[in-house]
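**Q** Dropping in structure.json, which is JSON, C-alpha atoms:
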[["chain", "number", "residue", "atom", "x", "y", "z"],
["A", 1118, "MET", "CA", 7.90, -20.36, 20.64],
["A", 1119, "ASP", "CA", 4.60, -18.62, 21.28],
["A", 1120, "GLU", "CA", 3.46, -17.48, 17.84],
["A", 1121, "LYS", "CA", 1.90, -14.36, 19.35],
["A", 1122, "PHE", "CA", 5.28, -13.41, 20.80],
["A", 1123, "PRO", "CA", 6.40, -10.78, 18.28],
["A", 1124, "PHE", "CA", 3.38, -8.58, 18.90],
["A", 1125, "LYS", "CA", 2.36, -9.12, 22.50],
["A", 1126, "ASN", "CA", 3.72, -6.07, 24.33],
["A", 1127, "LEU", "CA", 4.02, -3.65, 21.46],
["A", 1128, "HIS", "CA", 2.46, -0.22, 21.17],
["A", 1129, "SER", "CA", 1.29, 2.23, 18.55],
["A", 1130, "ARG", "CA", 2.42, 5.84, 18.15],
["A", 1131, "GLU", "CA", 0.45, 8.59, 16.52],
["A", 1132, "TYR", "CA", 1.86, 11.05, 13.97],
["A", 1133, "SER", "CA", -0.05, 14.23, 13.18],
["A", 1134, "GLY", "CA", 0.63, 16.95, 10.65],
["A", 1135, "HIS", "CA", -1.87, 16.58, 7.83],
["A", 1136, "LYS", "CA", -4.93, 18.84, 7.87],
["A", 1137, "LYS", "CA", -7.27, 16.21, 6.43],
["A", 1138, "LYS", "CA", -7.46, 12.45, 6.43],
["A", 1139, "VAL", "CA", -4.53, 10.31, 5.30],
["A", 1140, "HIS", "CA", -5.28, 8.03, 2.34],
["A", 1141, "SER", "CA", -1.98, 6.24, 1.89],
["A", 1142, "VAL", "CA", 1.16, 5.32, 3.85],
["A", 1143, "ALA", "CA", 4.32, 3.76, 2.39],
["A", 1144, "TRP", "CA", 7.85, 2.98, 3.59],
["A", 1145, "ASN", "CA", 11.00, 3.59, 1.59],
["A", 1146, "CYS", "CA", 13.07, 0.56, 0.50],
["A", 1147, "ILE", "CA", 15.39, 0.63, 3.53],
["A", 1148, "GLY", "CA", 12.64, 1.27, 6.08],
["A", 1149, "THR", "CA", 13.96, 4.59, 7.41],
["A", 1150, "LYS", "CA", 11.32, 6.94, 6.03],
["A", 1151, "LEU", "CA", 7.57, 6.79, 5.82],
["A", 1152, "ALA", "CA", 5.50, 8.81, 3.36],
["A", 1153, "SER", "CA", 1.88, 9.78, 3.94],
["A", 1154, "GLY", "CA", -0.51, 11.09, 1.29],
["A", 1155, "SER", "CA", -3.60, 13.07, 2.24],
["A", 1156, "VAL", "CA", -6.86, 14.61, 1.11],
["A", 1157, "ASP", "CA", -5.20, 17.93, 2.12],
["A", 1158, "GLN", "CA", -3.35, 17.77, -1.27],
["A", 1159, "THR", "CA", 0.06, 17.16, 0.28],
["A", 1160, "ALA", "CA", 2.35, 14.25, 0.98],
["A", 1161, "ARG", "CA", 4.69, 14.23, 3.95],
["A", 1162, "ILE", "CA", 7.95, 12.39, 4.55],
["A", 1163, "TRP", "CA", 8.65, 11.25, 8.11],
["A", 1164, "TYR", "CA", 12.02, 10.01, 9.34],
["A", 1165, "ILE", "CA", 11.24, 7.09, 11.65],
["A", 1166, "GLU", "CA", 13.75, 5.51, 14.00],
["A", 1167, "PRO", "CA", 12.92, 1.82, 14.39],
["A", 1168, "HIS", "CA", 13.35, 1.98, 18.14],
["A", 1169, "GLY", "CA", 11.34, 5.13, 18.18],
["A", 1170, "HIS", "CA", 13.39, 7.66, 20.11],
["A", 1171, "GLY", "CA", 14.04, 11.28, 19.34],
["A", 1172, "LYS", "CA", 12.03, 13.99, 17.65],
["A", 1173, "VAL", "CA", 10.15, 13.09, 14.49],
["A", 1174, "LYS", "CA", 11.04, 15.35, 11.56],
["A", 1175, "ASP", "CA", 8.77, 15.67, 8.57],
["A", 1176, "ILE", "CA", 9.02, 17.34, 5.16],
["A", 1177, "GLU", "CA", 5.98, 18.51, 3.21],
["A", 1178, "LEU", "CA", 5.65, 17.75, -0.52],
["A", 1179, "LYS", "CA", 3.50, 20.54, -1.96],
["A", 1180, "GLY", "CA", 2.25, 20.99, -5.51],
["A", 1181, "HIS", "CA", -0.72, 18.73, -6.14],
["A", 1182, "THR", "CA", -4.05, 20.55, -6.50],
["A", 1183, "ASP", "CA", -6.25, 17.63, -5.40],
["A", 1184, "SER", "CA", -6.14, 14.73, -2.96],
["A", 1185, "VAL", "CA", -2.92, 12.64, -2.93],
["A", 1186, "ASP", "CA", -4.56, 9.23, -3.17],
["A", 1187, "GLN", "CA", -1.57, 6.93, -3.40],
["A", 1188, "LEU", "CA", 2.18, 7.05, -3.28],
["A", 1189, "CYS", "CA", 5.04, 4.62, -3.70],
["A", 1190, "TRP", "CA", 8.80, 4.76, -3.26],
["A", 1191, "ASP", "CA", 11.41, 3.85, -5.82],
["A", 1192, "PRO", "CA", 12.32, 0.26, -4.86],
["A", 1193, "LYS", "CA", 16.02, 0.94, -5.63],
["A", 1194, "HIS", "CA", 16.40, 4.47, -4.27],
["A", 1195, "ALA", "CA", 15.63, 5.39, -0.64],
["A", 1196, "ASP", "CA", 14.92, 9.07, -1.42],
["A", 1197, "LEU", "CA", 12.76, 8.99, -4.55],
["A", 1198, "ILE", "CA", 9.01, 8.83, -4.28],
["A", 1199, "ALA", "CA", 6.12, 8.98, -6.75],
["A", 1200, "THR", "CA", 2.66, 10.37, -5.94],
["A", 1201, "ALA", "CA", -0.66, 9.97, -7.75],
["A", 1202, "SER", "CA", -3.41, 12.54, -7.37],
["A", 1203, "GLY", "CA", -6.98, 13.34, -8.36],
["A", 1204, "ASP", "CA", -5.52, 16.41, -10.17],
["A", 1205, "LYS", "CA", -4.57, 14.06, -13.08],
["A", 1206, "THR", "CA", -0.83, 14.41, -12.47],
["A", 1207, "VAL", "CA", 1.78, 11.97, -11.28],
["A", 1208, "ARG", "CA", 4.80, 13.52, -9.63],
["A", 1209, "LEU", "CA", 8.28, 12.31, -8.74],
["A", 1210, "TRP", "CA", 9.91, 13.89, -5.69],
["A", 1211, "ASP", "CA", 13.25, 13.98, -3.93],
["A", 1212, "ALA", "CA", 12.45, 13.17, -0.30],
["A", 1213, "ARG", "CA", 15.57, 14.97, 0.97],
["A", 1214, "SER", "CA", 14.74, 18.39, -0.47],
["A", 1215, "GLY", "CA", 10.97, 18.00, -0.82],
["A", 1216, "LYS", "CA", 11.27, 19.19, -4.42],
["A", 1217, "CYS", "CA", 9.25, 17.79, -7.33],
["A", 1218, "SER", "CA", 11.73, 16.60, -9.98],
["A", 1219, "GLN", "CA", 9.34, 15.24, -12.63],
["A", 1220, "GLN", "CA", 5.67, 15.57, -13.45],
["A", 1221, "ALA", "CA", 3.40, 13.83, -15.95],
["A", 1222, "GLU", "CA", -0.09, 15.03, -16.86],
["A", 1223, "LEU", "CA", -2.34, 12.02, -17.52],
["A", 1224, "SER", "CA", -5.91, 11.73, -18.75],
["A", 1225, "GLY", "CA", -7.91, 11.03, -15.58],
["A", 1226, "GLU", "CA", -8.09, 11.11, -11.80],
["A", 1227, "ASN", "CA", -5.30, 8.84, -10.59],
["A", 1228, "ILE", "CA", -6.11, 6.45, -7.76],
["A", 1229, "ASN", "CA", -3.36, 3.81, -7.95],
["A", 1230, "ILE", "CA", 0.38, 3.84, -8.41],
["A", 1231, "THR", "CA", 3.03, 1.14, -8.17],
["A", 1232, "TYR", "CA", 6.69, 0.73, -9.12],
["A", 1233, "LYS", "CA", 8.11, -2.14, -11.10],
["A", 1234, "PRO", "CA", 10.49, -3.93, -8.68],
["A", 1235, "ASP", "CA", 13.60, -2.94, -10.71],
["A", 1236, "GLY", "CA", 12.61, 0.74, -10.47],
["A", 1237, "THR", "CA", 12.46, 1.36, -14.24],
["A", 1238, "HIS", "CA", 8.69, 1.75, -14.75],
["A", 1239, "VAL", "CA", 5.71, 3.10, -12.82],
["A", 1240, "ALA", "CA", 2.14, 1.93, -13.40],
["A", 1241, "VAL", "CA", -0.76, 4.28, -12.73],
["A", 1242, "GLY", "CA", -4.46, 3.45, -12.63],
["A", 1243, "ASN", "CA", -7.25, 6.01, -12.84],
["A", 1244, "ARG", "CA", -10.97, 6.21, -12.07],
["A", 1245, "ASP", "CA", -11.81, 5.45, -15.71],
["A", 1246, "ASP", "CA", -10.16, 1.98, -15.53],
["A", 1247, "GLU", "CA", -7.24, 3.15, -17.62],
["A", 1248, "LEU", "CA", -3.70, 1.92, -17.02],
["A", 1249, "THR", "CA", -0.68, 4.04, -17.93],
["A", 1250, "ILE", "CA", 2.89, 2.79, -17.70],
["A", 1251, "LEU", "CA", 5.55, 5.49, -17.39],
["A", 1252, "ASP", "CA", 9.25, 5.16, -18.11],
["A", 1253, "VAL", "CA", 10.76, 6.58, -14.90],
["A", 1254, "ARG", "CA", 13.81, 8.24, -16.50],
["A", 1255, "LYS", "CA", 11.94, 10.19, -19.16],
["A", 1256, "PHE", "CA", 8.73, 10.26, -17.08],
["A", 1257, "LYS", "CA", 6.71, 9.73, -20.25],
["A", 1258, "PRO", "CA", 3.96, 7.16, -20.92],
["A", 1259, "ILE", "CA", 5.17, 4.05, -22.79],
["A", 1260, "HIS", "CA", 1.93, 1.99, -22.59],
["A", 1261, "LYS", "CA", -1.71, 2.93, -22.24],
["A", 1262, "ARG", "CA", -4.56, 0.46, -21.90],
["A", 1263, "LYS", "CA", -8.22, 1.03, -21.11],
["A", 1264, "PHE", "CA", -10.08, -1.94, -19.63],
["A", 1265, "ASN", "CA", -13.79, -2.66, -20.03],
["A", 1266, "TYR", "CA", -14.11, -3.73, -16.39],
["A", 1267, "GLU", "CA", -13.56, -2.03, -13.05],
["A", 1268, "VAL", "CA", -9.84, -2.07, -12.22],
["A", 1269, "ASN", "CA", -9.04, -1.65, -8.53],
["A", 1270, "GLU", "CA", -5.46, -2.29, -7.41],
["A", 1271, "ILE", "CA", -2.44, -3.13, -9.59],
["A", 1272, "ALA", "CA", 0.90, -4.85, -8.89],
["A", 1273, "TRP", "CA", 3.91, -6.45, -10.54],
["A", 1274, "ASN", "CA", 5.33, -9.76, -9.33],
["A", 1275, "MET", "CA", 8.89, -9.72, -7.91],
["A", 1276, "THR", "CA", 10.56, -10.43, -11.27],
["A", 1277, "GLY", "CA", 8.49, -7.86, -13.15],
["A", 1278, "GLU", "CA", 7.38, -10.46, -15.73],
["A", 1279, "MET", "CA", 3.76, -10.56, -14.55],
["A", 1280, "PHE", "CA", 1.32, -7.75, -13.92],
["A", 1281, "PHE", "CA", -1.79, -8.20, -11.76],
["A", 1282, "LEU", "CA", -5.06, -6.26, -11.79],
["A", 1283, "THR", "CA", -7.81, -6.79, -9.21],
["A", 1284, "THR", "CA", -11.26, -6.23, -10.69],
["A", 1285, "GLY", "CA", -14.78, -5.35, -9.67],
["A", 1286, "ASN", "CA", -15.91, -8.73, -11.06],
["A", 1287, "GLY", "CA", -14.15, -10.70, -8.31],
["A", 1288, "THR", "CA", -11.29, -11.74, -10.58],
["A", 1289, "VAL", "CA", -7.57, -11.18, -10.68],
["A", 1290, "GLU", "CA", -6.36, -10.59, -14.23],
["A", 1291, "VAL", "CA", -2.78, -11.76, -14.78],
["A", 1292, "LEU", "CA", -0.98, -10.16, -17.72],
["A", 1293, "SER", "CA", 2.49, -10.84, -19.06],
["A", 1294, "TYR", "CA", 4.87, -7.89, -18.92],
["A", 1295, "PRO", "CA", 5.82, -5.89, -20.94],
["A", 1296, "SER", "CA", 3.41, -7.18, -23.63],
["A", 1297, "LEU", "CA", 0.35, -6.83, -21.33],
["A", 1298, "ARG", "CA", -1.08, -9.95, -22.99],
["A", 1299, "PRO", "CA", -3.58, -11.86, -20.80],
["A", 1300, "LEU", "CA", -2.02, -14.94, -19.16],
["A", 1301, "ASP", "CA", -4.74, -15.96, -16.74],
["A", 1302, "THR", "CA", -8.02, -14.92, -15.13],
["A", 1303, "LEU", "CA", -8.32, -16.10, -11.54],
["A", 1304, "THR", "CA", -11.84, -16.30, -10.14],
["A", 1305, "ALA", "CA", -10.83, -15.19, -6.69],
["A", 1306, "HIS", "CA", -13.94, -13.93, -4.86],
["A", 1307, "THR", "CA", -17.72, -13.70, -5.05],
["A", 1308, "ALA", "CA", -17.55, -9.89, -4.92],
["A", 1309, "GLY", "CA", -15.15, -7.25, -6.20],
["A", 1310, "CYS", "CA", -11.43, -7.63, -5.47],
["A", 1311, "TYR", "CA", -10.16, -4.40, -3.94],
["A", 1312, "CYS", "CA", -6.53, -4.86, -3.02],
["A", 1313, "ILE", "CA", -3.50, -7.04, -3.74],
["A", 1314, "ALA", "CA", -0.16, -7.56, -2.00],
["A", 1315, "ILE", "CA", 2.88, -9.54, -3.15],
["A", 1316, "ASP", "CA", 4.76, -11.54, -0.51],
["A", 1317, "PRO", "CA", 8.35, -10.14, -0.35],
["A", 1318, "VAL", "CA", 9.76, -13.69, -0.39],
["A", 1319, "GLY", "CA", 8.01, -14.27, -3.72],
["A", 1320, "ARG", "CA", 5.94, -17.36, -2.83],
["A", 1321, "TYR", "CA", 2.48, -15.87, -2.52],
["A", 1322, "PHE", "CA", 0.22, -13.01, -3.31],
["A", 1323, "ALA", "CA", -2.87, -12.04, -1.35],
["A", 1324, "VAL", "CA", -6.14, -10.48, -2.48],
["A", 1325, "GLY", "CA", -8.63, -8.56, -0.34],
["A", 1326, "SER", "CA", -12.26, -8.45, -1.39],
["A", 1327, "ALA", "CA", -15.62, -6.78, -0.84],
["A", 1328, "ASP", "CA", -16.81, -10.20, 0.42],
["A", 1329, "SER", "CA", -14.69, -9.48, 3.58],
["A", 1330, "LEU", "CA", -12.24, -12.30, 2.85],
["A", 1331, "VAL", "CA", -8.53, -12.27, 2.11],
["A", 1332, "SER", "CA", -7.34, -15.07, -0.18],
["A", 1333, "LEU", "CA", -3.74, -16.32, -0.31],
["A", 1334, "TRP", "CA", -2.43, -17.58, -3.65],
["A", 1335, "ASP", "CA", 0.59, -19.68, -4.57],
["A", 1336, "ILE", "CA", 2.25, -17.55, -7.24],
["A", 1337, "SER", "CA", 3.89, -20.43, -9.12],
["A", 1338, "GLU", "CA", 0.76, -22.61, -9.26],
["A", 1339, "MET", "CA", -1.79, -19.75, -9.39],
["A", 1340, "LEU", "CA", -3.90, -21.66, -6.86],
["A", 1341, "CYS", "CA", -5.65, -20.41, -3.73],
["A", 1342, "VAL", "CA", -3.90, -21.88, -0.68],
["A", 1343, "ARG", "CA", -6.12, -20.50, 2.11],
["A", 1344, "THR", "CA", -8.44, -17.70, 3.12],
["A", 1345, "PHE", "CA", -8.41, -15.39, 6.12],
["A", 1346, "THR", "CA", -11.88, -14.82, 7.52],
["A", 1347, "LYS", "CA", -11.55, -12.49, 10.52],
["A", 1348, "LEU", "CA", -12.90, -9.28, 8.99],
["A", 1349, "GLU", "CA", -16.62, -8.66, 8.50],
["A", 1350, "TRP", "CA", -16.47, -5.68, 6.13],
["A", 1351, "PRO", "CA", -14.99, -5.19, 2.63],
["A", 1352, "VAL", "CA", -11.20, -5.53, 2.80],
["A", 1353, "ARG", "CA", -9.66, -2.19, 1.83],
["A", 1354, "THR", "CA", -5.95, -2.77, 2.40],
["A", 1355, "ILE", "CA", -3.50, -5.65, 3.01],
["A", 1356, "SER", "CA", 0.25, -6.00, 3.51],
["A", 1357, "PHE", "CA", 2.82, -8.76, 4.14],
["A", 1358, "ASN", "CA", 5.56, -8.22, 6.70],
["A", 1359, "HIS", "CA", 9.22, -8.31, 5.59],
["A", 1360, "THR", "CA", 9.69, -12.03, 6.29],
["A", 1361, "GLY", "CA", 6.45, -12.99, 4.55],
["A", 1362, "ASP", "CA", 5.24, -14.75, 7.71],
["A", 1363, "PHE", "CA", 2.49, -12.31, 8.70],
["A", 1364, "ILE", "CA", -0.26, -10.52, 6.82],
["A", 1365, "ALA", "CA", -2.12, -7.44, 8.00],
["A", 1366, "SER", "CA", -5.59, -6.68, 6.67],
["A", 1367, "ALA", "CA", -8.05, -3.91, 7.43],
["A", 1368, "SER", "CA", -11.50, -2.64, 6.55],
["A", 1369, "GLU", "CA", -14.34, -0.80, 8.27],
["A", 1370, "ASP", "CA", -14.01, -3.26, 11.16],
["A", 1371, "LEU", "CA", -12.56, -1.40, 14.14],
["A", 1372, "PHE", "CA", -9.42, -3.52, 14.28],
["A", 1373, "ILE", "CA", -6.52, -4.45, 12.03],
["A", 1374, "ASP", "CA", -6.05, -8.20, 11.80],
["A", 1375, "ILE", "CA", -2.55, -9.70, 11.81],
["A", 1376, "SER", "CA", -2.54, -13.36, 10.83],
["A", 1377, "ASN", "CA", 0.09, -16.04, 10.41],
["A", 1378, "VAL", "CA", 0.43, -16.62, 6.66],
["A", 1379, "HIS", "CA", 1.23, -20.35, 7.08],
["A", 1380, "THR", "CA", -1.49, -21.33, 9.55],
["A", 1381, "GLY", "CA", -4.17, -18.75, 8.74],
["A", 1382, "ARG", "CA", -4.56, -18.01, 12.46],
["A", 1383, "THR", "CA", -4.88, -14.52, 13.91],
["A", 1384, "VAL", "CA", -1.84, -13.66, 16.04],
["A", 1385, "HIS", "CA", -2.79, -10.10, 16.98],
["A", 1386, "GLN", "CA", -5.44, -7.44, 16.47],
["A", 1387, "ILE", "CA", -4.74, -3.73, 16.63],
["A", 1388, "PRO", "CA", -7.79, -1.76, 17.74],
["A", 1389, "CYS", "CA", -8.58, 1.30, 15.63],
["A", 1390, "ARG", "CA", -11.12, 4.09, 15.86],
["A", 1391, "ALA", "CA", -12.21, 4.35, 12.24],
["A", 1392, "ALA", "CA", -12.31, 2.57, 8.89],
["A", 1393, "MET", "CA", -8.78, 2.00, 7.58],
["A", 1394, "ASN", "CA", -7.49, 3.24, 4.21],
["A", 1395, "SER", "CA", -3.94, 1.93, 4.18],
["A", 1396, "VAL", "CA", -1.74, -0.54, 6.11],
["A", 1397, "GLU", "CA", 1.90, -1.15, 5.25],
["A", 1398, "TRP", "CA", 4.67, -3.11, 6.94],
["A", 1399, "ASN", "CA", 8.19, -1.74, 7.12],
["A", 1400, "PRO", "CA", 10.56, -3.68, 4.78],
["A", 1401, "LYS", "CA", 13.13, -4.34, 7.56],
["A", 1402, "TYR", "CA", 11.34, -4.32, 10.93],
["A", 1403, "ASN", "CA", 7.99, -5.44, 12.34],
["A", 1404, "LEU", "CA", 6.57, -1.93, 12.27],
["A", 1405, "LEU", "CA", 3.13, -1.51, 10.72],
["A", 1406, "ALA", "CA", 1.98, 1.91, 9.53],
["A", 1407, "TYR", "CA", -1.76, 2.45, 9.27],
["A", 1408, "ALA", "CA", -4.09, 5.31, 8.38],
["A", 1409, "GLY", "CA", -7.84, 5.70, 8.31],
["A", 1410, "ASP", "CA", -10.85, 7.97, 8.47],
["A", 1411, "ASP", "CA", -10.08, 9.23, 11.99],
["A", 1412, "LYS", "CA", -12.17, 12.13, 13.25],
["A", 1413, "ASN", "CA", -11.79, 14.31, 16.34],
["A", 1414, "LYS", "CA", -14.55, 14.92, 18.88],
["A", 1415, "TYR", "CA", -15.98, 17.67, 16.63],
["A", 1416, "GLN", "CA", -16.26, 15.17, 13.74],
["A", 1417, "ALA", "CA", -13.53, 16.91, 11.72],
["A", 1418, "ASP", "CA", -10.80, 14.89, 9.95],
["A", 1419, "GLU", "CA", -7.83, 14.29, 12.23],
["A", 1420, "GLY", "CA", -5.16, 13.85, 9.57],
["A", 1421, "VAL", "CA", -3.19, 11.34, 11.62],
["A", 1422, "PHE", "CA", -1.58, 7.98, 10.98],
["A", 1423, "ARG", "CA", -0.09, 5.52, 13.44],
["A", 1424, "ILE", "CA", 2.74, 3.04, 13.57],
["A", 1425, "PHE", "CA", 2.39, -0.18, 15.58],
["A", 1426, "GLY", "CA", 5.40, -2.12, 16.82],
["A", 1427, "PHE", "CA", 7.21, 0.05, 19.34],
["A", 1428, "GLU", "CA", 8.32, -1.47, 22.64],
["A", 1429, "ASN", "CA", 7.22, 1.57, 24.59],
["A", 1430, "ALA", "CA", 4.28, 3.85, 23.93]]
Could you write out this structure as structure tokens?
**A**
Amino acid sequence: MDEKFPFKNLHSREYSGHKKKVHSVAWNCIGTKLASGSVDQTARIWYIEPHGHGKVKDIELKGHTDSVDQLCWDPKHADLIATASGDKTVRLWDARSGKCSQQAELSGENINITYKPDGTHVAVGNRDDELTILDVRKFKPIHKRKFNYEVNEIAWNMTGEMFFLTTGNGTVEVLSYPSLRPLDTLTAHTAGCYCIAIDPVGRYFAVGSADSLVSLWDISEMLCVRTFTKLEWPVRTISFNHTGDFIASASEDLFIDISNVHTGRTVHQIPCRAAMNSVEWNPKYNLLAYAGDDKNKYQADEGVFRIFGFENA
């Protein structure tokens, strides 16, 4: 089988609605809805048919008073989504009604949010390198920890027993959960580590760095297995596809790289017009959502995102 086969004749579609640039895109757990978070202070929910026919409906989530920097769906509930904003709040929404059901006021500008895989806790990181863990049911903080180094992205492993932080020092800090005791410090890159993704099959995790490399790590051995070297700019965002066979990575390079996880070889590149902020694979299909700093011909933010993987444009 030609390893480029899955991507050869596929197209991207554009989705517009936001008034300013899109910072974050994320799929719900069953792959039927995509959420987008924007500098325009809103998130939007889009119902996406995998074969891409019919009118696209979207719902606006309004209430934040600053940029919606990141969002993540409840891994066990296809209609619950959490958003993190520069307005210091974290909000929980019902994607069917567009209503905010819970809100927590935290101490700083929130830039990162991630769910524990069992859906019970949410971790939030802010610009002051502070981590807050919220109990989802009460939507109250249960842990708070300030770090004396730059914390970039955060993630749990699949079992929820380990918690990862990528740092500005080029390391990945591995903590046990829920104690948050340090287990390991991985010297991953020669420059800051910006992003982390956990392989859905549970074998690997990947780290994207300011040194333009993506490193792939065996999660049981905590050893680097290989690096992906196609990008030339700091890696801003990475994602594994649902089978764990492909990894997408993006930066200020004007393409998104898709590589084979097992061989390290590039299988496809998606051209893009601007630096990318977020790439995320659908959890059921080979559809890749991506959003960046797109501008129109008048140099104003376009507020669009795209999805690659449709058989017809």
**Q** At a cut-off of 9 Å from (-1.0, 1.1, -24.2) in the coordinates of the file, what residues are picked up using all atoms listed in the file, written as a list in words?
**A** Leu1248, Thr1249, Ile1250, Pro1258, Ile1259, His1260, Lys1261, Arg1262, Lys1263 and Leu1297 of chain A
**Q** Enter the distance from atom CA of A:Leu1188 to atom CA of A:Ile1230, in Å, rounded to one decimal.
**A** 6.3 Å
**Q** Could you list as a ChimeraX atom specification every residue that has an atom within 10 Å of (0.4, -0.7, 5.9), using the file's coordinates and counting only C-alpha atoms?
**A** /A:1141-1144,1354-1358,1364-1367,1373,1393-1399,1404-1408,1423-1425
**Q** One decimal, Å: what's the distance from atom CA of A:Lys1179 over to atom CA of A:Trp1210, could you say?
**A**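 Atom CA of A:Trp1210 lies 10.0 Å from atom CA of A:Lys1179.
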**Q** List the neighbours of A:Gly1180 out to 8 Å using all atoms listed in the file; skip same-chain residues closer than 2 positions along the sequence, and give me the result as a ChimeraX atom specification.
**A** /A:1158-1159,1178,1182,1217
**Q** If we count all atoms listed in the file and set the cut-off at 9 Å, which residues sit around A:Glu1270, ignoring sequence neighbours fewer than 4 positions away in its own chain? Please answer as a VMD selection string.
**A** chain A and resid 1228 to 1230 1242 1281 to 1284 1310 to 1313
**Q** Quick one: residues within 12 Å of A:Lys1255, all atoms listed in the file counted, chain neighbours fewer than 2 positions away excluded, as a VMD selection string?
**A** chain A and resid 1209 1218 to 1221 1237 to 1239 1250 to 1253 1257 to 1259
**Q** Let me make sure I understand: among A:Asn1274, A:Thr1304, A:Thr1360, A:Asn1377, which one has the smallest atom-to-atom distance to A:Lys1401 if we use all atoms listed in the file?
**A**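 Looking only at the distances to A:Lys1401, the closest residue turns out to be A:Thr1360.
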**Q** How many Å separate atom CA of A:Ile1165 from atom CA of A:Gly1203?
**A**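 Atom-to-atom, atom CA of A:Ile1165 to atom CA of A:Gly1203, that is 27.8 Å.
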**Q** Find the residue from A:Leu1303, A:Ala1152, A:Val1324, A:Met1275 that sits nearest to A:Glu1338; use all atoms listed in the file when measuring.
**A**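 Result for the nearest residue to A:Glu1338: A:Leu1303.
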**Q** Check the smallest atom-to-atom distance from each of A:Asn1269, A:His1379, A:Lys1136, A:Pro1317 to A:His1359 using only C-alpha atoms, then report the winner.
**A**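 Ranked by minimum distance to A:His1359, first place goes to A:Pro1317.
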**Q** Please provide the set of residues having any atom within 9 Å of A:Asp1175, restricted to all atoms listed in the file, with same-chain residues fewer than 2 positions apart removed, written as a PyMOL selection string.
**A** chain A and resi 1134+1161-1164+1173+1177
**Q** With all atoms listed in the file as the atoms that count, which of A:Asp1328, A:Asp1374, A:Glu1226, A:Asp1316 lies nearest to A:Gly1361?
**A**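 Smallest distance to A:Gly1361 is found for A:Asp1316.
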**Q** Tell me which of A:Leu1340, A:Ala1199, A:Leu1333, A:Ile1315 sits closest to A:Asp1301, counting all atoms listed in the file.
**A**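 The answer is A:Leu1340, which sits nearest to A:Asp1301.
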